[in-house]
Amino acid sequence: MINVSNLTKVFRTDEVETIALDNATFEIKDGEFVAIMGPSGCGKSTLMNILGLLDNPTEGSYLLFGTEVAKFTEKDRTKFRKGNLGFVFQSFNLIDELNVYENVELPLTYLKVSAAERKKRVEEILHRMNIAHRAKHYPQQLSGGQQQRVAIARAVVTNPKLILADEPTGNLDSTNGREVMQLLCELNQAGTTIVMVTHSPKDAAKAQRIINLFDGKIVSDVKNQL
Amino acid sequence: MKFFKIKSLLSVSSILNIVGIAIAIAAFYVLVSIADFELTFNKSVPRHQDIYQMCYSFSGGQLSNPMMRPLSESIGQNFPSVERYGCVTAWNQYNAYVKRDGIYHQIEMQYNACSRSLLDVFGFRFVEGDTSKFISSKQMIISQKMSEKYGLKVGDYIKSDLNSTDEIEIVAIYETMENNTEFAYLGGFCCLGDIHINNTEEWSYVYYMRFVDGAPRPEVSSEMRETIHNLVRTFYKDSDVVSEAELEKEFEEFQLIFVPLDDLHLHSEISGSHRRTDKRLTYTLVILAVFVILIAFINYFNFFMARVPQRLRSVNTRKVLGSSRSSLIMGIVGESVMFTLVAMALSAALMFGVMPHLLDGVVNMDTMVFSNYKALTITILTAMAAAVFTSLYPAMYITSIPPAMALKGQMTQSHDSIIRYLLIGLQVTASVALIICSLFIDRNNDFIRNRDIGFNQDNLISSWTTQKIAENRETVRSRLLANPDITDIAWTSQDLVSQSRMTWGRANIDNEEEIFYYAVCPVSWNFLDFMGIKMTDGRGFSESDEQSETGVIIFNETAHRQLGINTESRVQGHLNNQCELAGFCSDFNFRPLKYDIGNFAFYIFGKNAWPGTTLRKLYIRTTDGADVQKTINYIYATLTSIDPDYEIMNPEVRTYEQEIATQYTIEKTVATMITLFTTIAIIISVMGIFGIVLFDTERRRKEIGIRKVNGATVVEILEMFNRKYFILTAICSAIAIPLAYVVVSAYLGGFAYHYEINAWPFILGVLITMAITTIVVSAASFKAANENPVKTLTVE
């Protein structure tokens with residue numbers, strides 16, 4: 001599914017050049033659950049942004065679903081992301097002005113899915129995430145755990161092949177964090193590939209494989225003993 | 001990082017607001033000055049409220065003001081309620097020559113002739129000379145301004161006609177009047193003396209009266225009407241030209257109307273040569289002034305409200321640290337006042353640097369705008385009041401929120417947003433309506449320019465000439481036609497299309513009780529052919545008509561129809577006996593298109609013309625493709641060679657387009673002012689919308705990022721921002737269209753012939769607004785829509 005080789009990302013300003021990612025090479029297969037770990041500033045989020053087609057690498061190759069996407073334009077990346085990738089963020093990134101239902105419906109709207117089909121799929125996923133009773137509520141009216149469940153519902157409503165989760169439990173208490181990890185595991189068991197950035201060894205332990213980064217370099221890539 | 005970005009964006013929005021308010025303040029000051037100039041016109045005349053001009057109409061028709069001079073004596077003897085009265089000639093003199101080093105030089109001065117008593121009516125104040133010498137037509141008084149301009153002194157002499165030996169002595173110099181007074185444009189007055197003092201036939205004098213009790217009592221009007229009636233009756237007592245029955249019939253339709261001096265300039269319908277404006281234009285300017293300042297401060301209010309979420313935390317932190325609510329409110333209002341002061345400084349630069357160019361040829365900035373301290377005070381006070389009011393509500397709102405809620409960020413924006421969008425809606429509604437009105441005014445002006453008004457307007461050039469030139473028509477013809485670019489010439493004594501026309505009331509010889517009223521235009525025999533005006537009945541003028549004993553007349557079709565006359569009818573001519581009715585010609589618009597085509601006649605005086613009725617207006621037809629400027633130069637040189645005084649007279653040789661344009665100066669002013677200030681209003685609205693959208697996109701950067709991550713394209717993001725404003729514009733258009741319809745109907749209703757109301761200007765107005773809104777919203781949100789979501793989603 002993902003084949004990355006010599007991926008490098010350099011941020012340049014007038015005064016400083018920072019190598020955020022330095023010749024990263026790895027492969028992620030369909031159905032895998034991979035955790036990316038490392039200290040702050042090691043390049044985890046940069047890697048996630050590139051994997052999620054939110055940013056381009058400075059150098060290197062990135063094959064996603066067999067397509068070289070490293071040199072894609074913003075327009076191409078947007079097109080390629082649609083329906084293929086789902087995102088879960090630490091800060092949930094729900095739209096405050098939209099209610100739970102509308103937030104989850106959002107990616108389907110951009111995929112031009114019919115209203116009837118959208119309704120069916122949103123209701124189905126809200127039930128699956130056990131959040132249907134909050135469909136008319138706004139994000140500010142939900143707990144952190146509920147908000148993250150909505151964010152996961154939104155990420156999976158298009159049935160993406162790949163979910164990228166950037167510290168999904170970072171803003172949650174342990175109970176809610178556990179619930180969210182449980183949901184991600186269930187999704188993975190259902191066949192969705194998941195790449196998750198985390199600081200938590202406990203959460204990383206749920207993944208099948210852990211890639212460790214340090215100063216932009218992959219320092220280890222190990223399979224987890226589940 | 002984000003703090004600095006917001007700060008820099010606020011600076012852009014702040015600059016937009018400051019510029020918007022500066023433009024609005026400059027526009028407001030100009031508009032208020034012009035409106036003040038018009039609304040306080042004549043108010044500087046002592047006891048202006050007691051002074052009236054005497055006007056009259058027949059059968060409720062157009063108001064006229066020239067009267068006969070014998071009325072003076074009767075007023076003095078019979079009307080104690082008239083404290084002072086005086087008259088001026090209805091037409092100005094433009095020719096003035098002053099002797100310098102033994103040679104007469106023309107000076108640029110319009111002057112009039114007035115009775116001595118007029119000086120008392122208007123309370124002239126003299127700085128030099130002796131007004132007791134102002135007793136005959138050989139004396140004149142001049143303004144201090146004219147004295148300073150040309151170095152004229154008491155005892156200097158002026159000539160009005162170089163061919164005459166008569167000289168006029170300057171006997172006194174009066175204090176220059178305020179710019180906005182009835183006679184401010186005149187450089188001086190000759191004394192009427194006893195001219196026409198007993199002549200009841202010469203209706204050429206405009207009367208002003210100052211009443212003891214202010215407004216004239218109703219009986220004064222009827223008694224004065226009766227006095228005029230008696231004067232005319234006495235004059236015609238032994239006349240066999242007009243019967244008593246005819247006179248009685250005429251006076252049945254005669255209405256005397258006293259127009260207050262304060263309102264005189266607003267009655268553009270009164271014929272005469274004094275300065276006139278339009279009441280609707282003045283009030284339109286006041287409305288525009290209020291609107292322009294309103295939209296600028298709506299922008300400012302919206303901008304202030306948009307910043308409320310950002311300010312909540314800082315304001316409430318201060319509150320928690322012990323600041324009182326009143327001091328916080330004062331601080332916010334003070335900031336607004338400072339903001340407006342900066343805008344005022346910028347507006348001063350706009351006023352002197354830009355406005356004079358924009359209003360060049362439409363408004364005299366020196367006399368109407370600059371140095372109007374009253375308008376300046378109104379502008380400053382209005383701007384300050386607006387600054388306080390627009391910041392007061394946000395200040396009260398921000399400081400009313402409990403700190404506990406504000407600091408936790410538990411505030412929603414729904415309430416503020418509704419107010420903001422309602423106010424933007426108000427701007428958009430007004431913008432749509434203004435654009436539609438501008439389009440209709442423009443279309444109507446185009447209609448006026450291009451309408452077939454019944455004669456051949458192509459390749460026409462005209463010029464006023466001197467008496468000597470007018471008396472040498474054959475020489476002029478042969479000399480001008482020697483130029484291959486000139487095909488023909490013709491003569492008249494008036495502009496062919498003019499609001500102000502000579503009107504005759506002449507008896508129907510076949511029915512003594514009937515008086516025919518019609519406008520008359522004396523012409524040369526070839527004039528109708530020259531103008532391409534077709535005969536519909538009878539014969540056209542022939543060369544031999546110029547030798548007629550009684551005069552020859554050709555009526556238009558309207559007169560044919562309305563007066564019920566035919567080629568057999570017997571009508572009076574200029575000598576009050578029967579003239580020859582040659583026939584009838586097709587109708588044409590002899591007045592501007594505001595007026596319906598009325599009864600009209602072309603007239604040839606023949607051998608026994610009235611004195612001073614020489615046909616001095618020359619029309620020249622050129623070939624297609626002739627070099628107009630070259631031909632004008634040729635005409636000027638040719639006429640000067642025939643009479644060197646022509647050069648001294650320095651008349652304007654102009655194309656017909658230029659001549660007709662003088663008949664539509666008010667319309668041109670309205671169109672220019674409406675278009676200019678509509679554009680200003682739209683620019684300010686656009687700046688406001690741009691600022692708000694810019695701010696909105698900044699506030700929603702994260703949302704944009706989320707949407708993009710979830711599949712939204714740039715176009716879809718732009719659509720999202722545009723959708724709201726598109727719906728807003730659609731709703732506003734639905735409100736604006738009927739409003740514009742009412743305004744446009746009222747405006748076009750002032751024209752007898754006008755552009756027909758149709759859907760296109762409405763559709764175009766809405767489309768223009770939508771296009772502007774779409775461009776502005778897209779431009780303001782383009783950067784945010786194209787931003788990489790990584791930047792917004794990863795910053796916490």
# chains A, B, ... in the order shown; residues from 1 in each chain; ligands from 1
>>> residues_around(residues="Ile75 (chain B)", least_positions_apart="4", cutoff="9 Å", atoms="only C-alpha atoms", output="PyMOL selection string")
chain B and resi 71+79-80+82+85+224+227
>>> select_by_dssp(residues="region 333-582 of chain B", states="strand (DSSP E or B)", output="CSV table (one decimal) with N, CA and C atoms, in the first residue's frame")
chain,number,residue,atom,x,y,z
B,460,LEU,N,-23.7,69.9,-37.6
B,460,LEU,CA,-24.2,71.3,-37.3
B,460,LEU,C,-23.1,72.0,-36.4
B,461,ILE,N,-22.9,73.3,-36.8
B,461,ILE,CA,-22.0,74.1,-36.0
B,461,ILE,C,-22.8,75.4,-35.8
B,462,SER,N,-22.7,76.0,-34.6
B,462,SER,CA,-23.4,77.3,-34.4
B,462,SER,C,-22.6,78.3,-33.7
B,463,SER,N,-23.0,79.6,-33.9
B,463,SER,CA,-22.3,80.7,-33.2
B,463,SER,C,-23.3,81.9,-33.2
B,464,TRP,N,-23.2,82.6,-32.0
B,464,TRP,CA,-23.8,83.9,-32.0
B,464,TRP,C,-22.9,84.9,-32.7
B,486,ILE,N,-18.3,73.4,-46.0
B,486,ILE,CA,-19.6,74.0,-45.5
B,486,ILE,C,-20.6,73.9,-46.6
B,487,THR,N,-21.8,73.3,-46.3
B,487,THR,CA,-22.8,73.1,-47.3
B,487,THR,C,-23.9,74.1,-47.3
B,488,ASP,N,-24.2,74.7,-46.1
B,488,ASP,CA,-25.3,75.6,-46.0
B,488,ASP,C,-25.2,76.4,-44.7
B,489,ILE,N,-25.9,77.5,-44.7
B,489,ILE,CA,-26.0,78.3,-43.4
B,489,ILE,C,-27.5,78.7,-43.3
B,490,ALA,N,-27.9,79.0,-42.0
B,490,ALA,CA,-29.2,79.6,-41.8
B,490,ALA,C,-29.2,80.4,-40.5
B,491,TRP,N,-30.2,81.3,-40.4
B,491,TRP,CA,-30.2,82.2,-39.2
B,491,TRP,C,-31.4,82.1,-38.4
B,492,THR,N,-31.2,82.5,-37.1
B,492,THR,CA,-32.4,82.6,-36.2
B,492,THR,C,-32.0,83.6,-35.1
B,502,MET,N,-39.2,82.7,-26.4
B,502,MET,CA,-40.1,83.9,-26.5
B,502,MET,C,-41.5,83.3,-26.7
B,503,THR,N,-42.5,83.7,-26.0
B,503,THR,CA,-43.9,83.2,-26.1
B,503,THR,C,-44.8,84.4,-26.4
B,504,TRP,N,-45.6,84.1,-27.4
B,504,TRP,CA,-46.6,85.2,-27.8
B,504,TRP,C,-48.0,84.7,-27.4
B,505,GLY,N,-48.8,85.7,-27.0
B,505,GLY,CA,-50.2,85.5,-26.9
B,505,GLY,C,-50.9,86.4,-27.9
B,506,ARG,N,-51.5,85.8,-28.9
B,506,ARG,CA,-52.0,86.6,-30.0
B,506,ARG,C,-53.5,86.2,-30.2
B,507,ALA,N,-54.2,87.2,-30.6
B,507,ALA,CA,-55.7,87.0,-30.8
B,507,ALA,C,-56.0,86.3,-32.1
B,508,ASN,N,-57.0,85.4,-32.0
B,508,ASN,CA,-57.5,84.8,-33.1
B,508,ASN,C,-58.5,85.8,-33.8
B,511,ASN,N,-62.1,84.9,-34.0
B,511,ASN,CA,-62.8,84.7,-32.8
B,511,ASN,C,-62.2,85.5,-31.7
B,512,GLU,N,-62.8,86.7,-31.4
B,512,GLU,CA,-62.2,87.7,-30.6
B,512,GLU,C,-61.9,87.2,-29.2
B,513,GLU,N,-62.7,86.2,-28.7
B,513,GLU,CA,-62.5,85.7,-27.4
B,513,GLU,C,-61.4,84.8,-27.2
B,514,GLU,N,-60.8,84.4,-28.3
B,514,GLU,CA,-59.8,83.4,-28.3
B,514,GLU,C,-58.4,84.0,-28.4
B,515,ILE,N,-57.5,83.6,-27.5
B,515,ILE,CA,-56.1,84.0,-27.6
B,515,ILE,C,-55.2,82.8,-27.8
B,516,PHE,N,-54.4,82.9,-28.8
B,516,PHE,CA,-53.5,81.7,-29.1
B,516,PHE,C,-52.1,82.0,-28.4
B,517,TYR,N,-51.7,81.0,-27.6
B,517,TYR,CA,-50.4,81.1,-27.0
B,517,TYR,C,-49.4,80.1,-27.6
B,518,TYR,N,-48.3,80.6,-28.0
B,518,TYR,CA,-47.3,79.7,-28.6
B,518,TYR,C,-45.9,80.3,-28.5
B,519,ALA,N,-44.9,79.4,-28.5
B,519,ALA,CA,-43.5,79.8,-28.5
B,519,ALA,C,-43.2,80.2,-30.0
B,520,VAL,N,-42.4,81.2,-30.1
B,520,VAL,CA,-42.0,81.8,-31.4
B,520,VAL,C,-40.5,81.8,-31.6
B,521,CYS,N,-40.1,81.4,-32.8
B,521,CYS,CA,-38.7,81.4,-33.1
B,521,CYS,C,-38.5,82.2,-34.5
B,522,PRO,N,-38.1,83.4,-34.4
B,522,PRO,CA,-37.8,84.1,-35.7
B,522,PRO,C,-36.6,83.5,-36.4
B,523,VAL,N,-36.8,83.3,-37.7
B,523,VAL,CA,-35.8,82.6,-38.5
B,523,VAL,C,-35.6,83.2,-39.9
B,535,MET,N,-42.7,70.3,-44.2
B,535,MET,CA,-44.0,71.0,-44.2
B,535,MET,C,-45.1,69.9,-44.2
B,536,THR,N,-46.1,70.0,-43.5
B,536,THR,CA,-47.2,69.1,-43.5
B,536,THR,C,-48.4,69.6,-44.2
B,537,ASP,N,-48.5,71.0,-44.3
B,537,ASP,CA,-49.6,71.6,-44.9
B,537,ASP,C,-49.2,73.0,-45.4
B,538,GLY,N,-49.8,73.5,-46.5
B,538,GLY,CA,-49.4,74.9,-46.9
B,538,GLY,C,-48.1,74.9,-47.6
B,552,VAL,N,-44.6,86.6,-41.7
B,552,VAL,CA,-45.1,85.3,-42.2
B,552,VAL,C,-44.9,84.2,-41.1
B,553,ILE,N,-45.9,83.4,-40.9
B,553,ILE,CA,-45.8,82.5,-39.8
B,553,ILE,C,-46.0,81.0,-40.2
B,554,ILE,N,-45.3,80.1,-39.7
B,554,ILE,CA,-45.6,78.7,-39.9
B,554,ILE,C,-45.7,78.0,-38.5
B,555,PHE,N,-46.8,77.4,-38.3
B,555,PHE,CA,-47.0,76.7,-37.0
B,555,PHE,C,-46.6,75.3,-37.1
B,556,ASN,N,-46.4,74.7,-35.9
B,556,ASN,CA,-46.1,73.2,-35.9
B,556,ASN,C,-47.4,72.5,-35.9
B,571,VAL,N,-54.5,85.0,-38.1
B,571,VAL,CA,-53.8,85.1,-36.8
B,571,VAL,C,-53.0,86.4,-36.8
B,572,GLN,N,-52.8,86.9,-35.6
B,572,GLN,CA,-52.0,88.2,-35.4
B,572,GLN,C,-50.5,87.9,-35.5
B,578,GLN,N,-53.0,91.2,-38.8
B,578,GLN,CA,-52.9,89.9,-39.4
B,578,GLN,C,-51.6,89.7,-40.1
B,579,CYS,N,-51.0,88.5,-39.8
B,579,CYS,CA,-49.8,88.1,-40.5
B,579,CYS,C,-50.2,87.0,-41.5
B,580,GLU,N,-49.3,86.6,-42.3
B,580,GLU,CA,-49.6,85.6,-43.3
B,580,GLU,C,-49.3,84.2,-42.7
B,581,LEU,N,-50.3,83.4,-42.6
B,581,LEU,CA,-50.1,82.0,-42.1
B,581,LEU,C,-49.7,81.1,-43.3
B,582,ALA,N,-48.5,80.8,-43.5
B,582,ALA,CA,-48.0,80.1,-44.7
B,582,ALA,C,-48.4,78.6,-44.6
>>> atom_distance(atom1="CA of Gly711 (chain B)", atom2="CA of Ile727 (chain B)")
24.1 Å
>>> residues_around(residues="region 72-82 of chain A", least_positions_apart="2", cutoff="9 Å", atoms="only C-alpha atoms", output="NGL selection string")
(:A and (52-56 or 68-70 or 84-86 or 107 or 110-111 or 158 or 160)) or (:B and (708-714 or 786 or 788))
>>> closest_residue(among="A:His137, A:Arg12, A:Arg154, A:Lys120", to="chain B", atoms="only C-alpha atoms")
A:Arg154
>>> residues_around(residues="Tyr185 (chain B)", least_positions_apart="5", cutoff="10 Å", atoms="only C-alpha atoms", output="list in words")
Met109, Gln110, Tyr111, Ser143, Thr176, Met177, Glu178, Asn179, Asn180, His274 and Arg275 of chain B
>>> residues_around(residues="Thr614 (chain B)", least_positions_apart="2", cutoff="9 Å", atoms="only C-alpha atoms", output="VMD selection string")
chain B and resid 467 470 to 471 492 to 493 522 609 to 612 616 to 617
>>> residues_around(residues="Gln547 (chain B)", least_positions_apart="3", cutoff="6 Å", atoms="only C-alpha atoms", output="mmCIF file with N, CA and C atoms, in the first residue's frame")
data_model
loop_
_atom_site.group_PDB
_atom_site.id
_atom_site.type_symbol
_atom_site.label_atom_id
_atom_site.label_comp_id
_atom_site.auth_asym_id
_atom_site.auth_seq_id
_atom_site.Cartn_x
_atom_site.Cartn_y
_atom_site.Cartn_z
ATOM 1 N N SER B 544 -38.963 85.656 -50.719
ATOM 2 C CA SER B 544 -39.740 86.905 -50.775
ATOM 3 C C SER B 544 -40.412 87.217 -49.432
ATOM 4 N N GLY B 606 -40.113 89.980 -41.714
ATOM 5 C CA GLY B 606 -40.288 90.756 -42.946
ATOM 6 C C GLY B 606 -39.609 92.112 -42.845
ATOM 7 N N LYS B 607 -40.161 93.067 -43.548
ATOM 8 C CA LYS B 607 -39.515 94.387 -43.643
ATOM 9 C C LYS B 607 -39.614 95.191 -42.357
#
>>> residues_around(residues="Thr169 (chain A)", least_positions_apart="3", cutoff="10 Å", atoms="only C-alpha atoms", output="number ranges by chain")
A: 88-92, 144-145, 148, 165-166, 172-181, 197-200, 203
>>> write_last_selection(atoms="N, CA and C atoms", output="CSV table (one decimal), in the first residue's frame")
chain,number,residue,atom,x,y,z
A,88,VAL,N,-7.4,11.4,11.5
A,88,VAL,CA,-7.9,11.6,12.9
A,88,VAL,C,-6.8,12.4,13.5
A,89,PHE,N,-7.2,13.6,14.1
A,89,PHE,CA,-6.2,14.5,14.7
A,89,PHE,C,-6.3,14.5,16.3
A,90,GLN,N,-5.2,14.9,16.9
A,90,GLN,CA,-5.1,15.0,18.3
A,90,GLN,C,-6.2,15.9,18.8
A,91,SER,N,-6.3,17.1,18.1
A,91,SER,CA,-7.3,18.1,18.6
A,91,SER,C,-8.6,17.9,17.9
A,92,PHE,N,-8.9,16.8,17.4
A,92,PHE,CA,-10.2,16.3,16.8
A,92,PHE,C,-10.5,17.1,15.4
A,144,GLY,N,-14.4,15.2,25.2
A,144,GLY,CA,-13.3,15.0,24.4
A,144,GLY,C,-13.4,13.6,23.7
A,145,GLY,N,-13.7,12.6,24.4
A,145,GLY,CA,-13.8,11.2,23.9
A,145,GLY,C,-14.9,11.2,22.8
A,148,GLN,N,-13.7,12.8,19.7
A,148,GLN,CA,-12.8,12.0,18.9
A,148,GLN,C,-13.5,10.9,18.2
A,165,ALA,N,-3.7,8.6,11.8
A,165,ALA,CA,-4.1,9.2,13.1
A,165,ALA,C,-2.9,9.8,13.8
A,166,ASP,N,-3.1,11.1,14.0
A,166,ASP,CA,-2.0,11.9,14.6
A,166,ASP,C,-2.3,12.1,16.1
A,172,LEU,N,-7.0,13.1,25.3
A,172,LEU,CA,-8.0,12.4,26.0
A,172,LEU,C,-7.6,11.8,27.3
A,173,ASP,N,-8.5,11.6,28.2
A,173,ASP,CA,-8.2,10.9,29.5
A,173,ASP,C,-8.0,9.4,29.2
A,174,SER,N,-7.6,8.7,30.1
A,174,SER,CA,-7.2,7.3,29.9
A,174,SER,C,-8.4,6.5,29.4
A,175,THR,N,-9.6,6.7,30.0
A,175,THR,CA,-10.8,5.9,29.7
A,175,THR,C,-11.2,6.2,28.2
A,176,ASN,N,-11.3,7.5,27.9
A,176,ASN,CA,-11.6,7.8,26.5
A,176,ASN,C,-10.5,7.4,25.5
A,177,GLY,N,-9.3,7.5,26.0
A,177,GLY,CA,-8.2,7.1,25.1
A,177,GLY,C,-8.3,5.6,24.8
A,178,ARG,N,-8.6,4.9,25.8
A,178,ARG,CA,-8.7,3.4,25.6
A,178,ARG,C,-9.9,3.1,24.6
A,179,GLU,N,-11.0,3.8,24.8
A,179,GLU,CA,-12.1,3.6,23.9
A,179,GLU,C,-11.7,3.9,22.4
A,180,VAL,N,-11.0,5.0,22.2
A,180,VAL,CA,-10.6,5.4,20.9
A,180,VAL,C,-9.7,4.3,20.3
A,181,MET,N,-8.7,3.9,21.1
A,181,MET,CA,-7.8,2.9,20.6
A,181,MET,C,-8.5,1.6,20.2
A,197,VAL,N,0.5,8.2,14.7
A,197,VAL,CA,1.7,8.8,15.4
A,197,VAL,C,1.3,8.8,16.9
A,198,THR,N,2.1,8.5,17.7
A,198,THR,CA,1.8,8.5,19.2
A,198,THR,C,3.0,8.7,20.0
A,199,HIS,N,2.8,9.3,21.2
A,199,HIS,CA,3.9,9.3,22.2
A,199,HIS,C,3.7,8.2,23.2
A,200,SER,N,2.5,7.6,23.1
A,200,SER,CA,2.2,6.7,24.2
A,200,SER,C,2.6,5.2,23.9
A,203,ASP,N,-0.4,3.0,23.7
A,203,ASP,CA,-1.2,3.0,22.5
A,203,ASP,C,-0.4,2.3,21.4
>>> closest_residue(among="A:Val222, A:Val195, A:Ile19, A:Ile28", to="Cys42 (chain A)", atoms="only C-alpha atoms")
A:Ile19
>>> atom_distance(atom1="CA of Lys630 (chain B)", atom2="CA of Leu481 (chain B)")
14.4 Å
>>> select_by_dssp(residues="region 83-125 of chain A", states="alpha helix (DSSP H)", output="PDB file with N, CA and C atoms, in the first residue's frame")
ATOM      1  N   VAL A 100     -22.848  17.206  14.877  1.00  0.00           N
ATOM      2  CA  VAL A 100     -22.166  15.914  14.731  1.00  0.00           C
ATOM      3  C   VAL A 100     -22.489  15.280  13.371  1.00  0.00           C
ATOM      4  N   TYR A 101     -23.763  15.255  13.060  1.00  0.00           N
ATOM      5  CA  TYR A 101     -24.197  14.638  11.804  1.00  0.00           C
ATOM      6  C   TYR A 101     -23.513  15.321  10.613  1.00  0.00           C
ATOM      7  N   GLU A 102     -23.546  16.661  10.621  1.00  0.00           N
ATOM      8  CA  GLU A 102     -22.988  17.421   9.490  1.00  0.00           C
ATOM      9  C   GLU A 102     -21.470  17.260   9.390  1.00  0.00           C
ATOM     10  N   ASN A 103     -20.823  17.183  10.550  1.00  0.00           N
ATOM     11  CA  ASN A 103     -19.370  16.971  10.536  1.00  0.00           C
ATOM     12  C   ASN A 103     -19.030  15.641   9.877  1.00  0.00           C
ATOM     13  N   VAL A 104     -19.783  14.616  10.232  1.00  0.00           N
ATOM     14  CA  VAL A 104     -19.501  13.282   9.685  1.00  0.00           C
ATOM     15  C   VAL A 104     -19.860  13.219   8.195  1.00  0.00           C
ATOM     16  N   GLU A 105     -20.893  13.957   7.851  1.00  0.00           N
ATOM     17  CA  GLU A 105     -21.376  13.959   6.462  1.00  0.00           C
ATOM     18  C   GLU A 105     -20.413  14.677   5.505  1.00  0.00           C
ATOM     19  N   LEU A 106     -19.586  15.557   6.063  1.00  0.00           N
ATOM     20  CA  LEU A 106     -18.760  16.471   5.256  1.00  0.00           C
ATOM     21  C   LEU A 106     -17.967  15.797   4.120  1.00  0.00           C
ATOM     22  N   PRO A 107     -17.161  14.751   4.398  1.00  0.00           N
ATOM     23  CA  PRO A 107     -16.373  14.157   3.300  1.00  0.00           C
ATOM     24  C   PRO A 107     -17.248  13.548   2.206  1.00  0.00           C
ATOM     25  N   LEU A 108     -18.433  13.060   2.596  1.00  0.00           N
ATOM     26  CA  LEU A 108     -19.340  12.484   1.590  1.00  0.00           C
ATOM     27  C   LEU A 108     -19.868  13.578   0.669  1.00  0.00           C
ATOM     28  N   THR A 109     -20.090  14.754   1.238  1.00  0.00           N
ATOM     29  CA  THR A 109     -20.567  15.880   0.426  1.00  0.00           C
ATOM     30  C   THR A 109     -19.546  16.196  -0.665  1.00  0.00           C
ATOM     31  N   TYR A 110     -18.264  16.209  -0.259  1.00  0.00           N
ATOM     32  CA  TYR A 110     -17.228  16.536  -1.238  1.00  0.00           C
ATOM     33  C   TYR A 110     -17.002  15.411  -2.246  1.00  0.00           C
ATOM     34  N   ALA A 115     -27.770  12.481  -1.402  1.00  0.00           N
ATOM     35  CA  ALA A 115     -28.253  12.810  -0.059  1.00  0.00           C
ATOM     36  C   ALA A 115     -28.751  11.558   0.666  1.00  0.00           C
ATOM     37  N   ALA A 116     -29.477  10.701  -0.042  1.00  0.00           N
ATOM     38  CA  ALA A 116     -30.042   9.494   0.584  1.00  0.00           C
ATOM     39  C   ALA A 116     -28.921   8.553   1.038  1.00  0.00           C
ATOM     40  N   GLU A 117     -27.948   8.404   0.162  1.00  0.00           N
ATOM     41  CA  GLU A 117     -26.823   7.533   0.486  1.00  0.00           C
ATOM     42  C   GLU A 117     -26.012   8.108   1.661  1.00  0.00           C
ATOM     43  N   ARG A 118     -25.871   9.435   1.663  1.00  0.00           N
ATOM     44  CA  ARG A 118     -25.136  10.094   2.754  1.00  0.00           C
ATOM     45  C   ARG A 118     -25.832   9.823   4.075  1.00  0.00           C
ATOM     46  N   LYS A 119     -27.140   9.953   4.057  1.00  0.00           N
ATOM     47  CA  LYS A 119     -27.922   9.765   5.286  1.00  0.00           C
ATOM     48  C   LYS A 119     -27.721   8.353   5.825  1.00  0.00           C
ATOM     49  N   LYS A 120     -27.802   7.409   4.900  1.00  0.00           N
ATOM     50  CA  LYS A 120     -27.669   6.001   5.286  1.00  0.00           C
ATOM     51  C   LYS A 120     -26.287   5.741   5.899  1.00  0.00           C
ATOM     52  N   ARG A 121     -25.280   6.244   5.214  1.00  0.00           N
ATOM     53  CA  ARG A 121     -23.913   5.952   5.662  1.00  0.00           C
ATOM     54  C   ARG A 121     -23.568   6.679   6.962  1.00  0.00           C
ATOM     55  N   VAL A 122     -24.025   7.905   7.094  1.00  0.00           N
ATOM     56  CA  VAL A 122     -23.721   8.668   8.321  1.00  0.00           C
ATOM     57  C   VAL A 122     -24.405   8.022   9.519  1.00  0.00           C
ATOM     58  N   GLU A 123     -25.679   7.678   9.328  1.00  0.00           N
ATOM     59  CA  GLU A 123     -26.415   7.058  10.452  1.00  0.00           C
ATOM     60  C   GLU A 123     -25.766   5.736  10.857  1.00  0.00           C
ATOM     61  N   GLU A 124     -25.354   5.001   9.854  1.00  0.00           N
ATOM     62  CA  GLU A 124     -24.727   3.692  10.103  1.00  0.00           C
ATOM     63  C   GLU A 124     -23.426   3.858  10.911  1.00  0.00           C
ATOM     64  N   ILE A 125     -22.615   4.807  10.500  1.00  0.00           N
ATOM     65  CA  ILE A 125     -21.319   4.979  11.172  1.00  0.00           C
ATOM     66  C   ILE A 125     -21.503   5.572  12.568  1.00  0.00           C
TER      67      ILE A 125
END
>>> atom_distance(atom1="CA of Ala24 (chain A)", atom2="CA of Gly216 (chain A)")
7.7 Å
>>> closest_residue(among="A:Thr25, A:Thr8, A:Ser40, A:Asn49", to="chain B", atoms="only C-alpha atoms")
A:Asn49
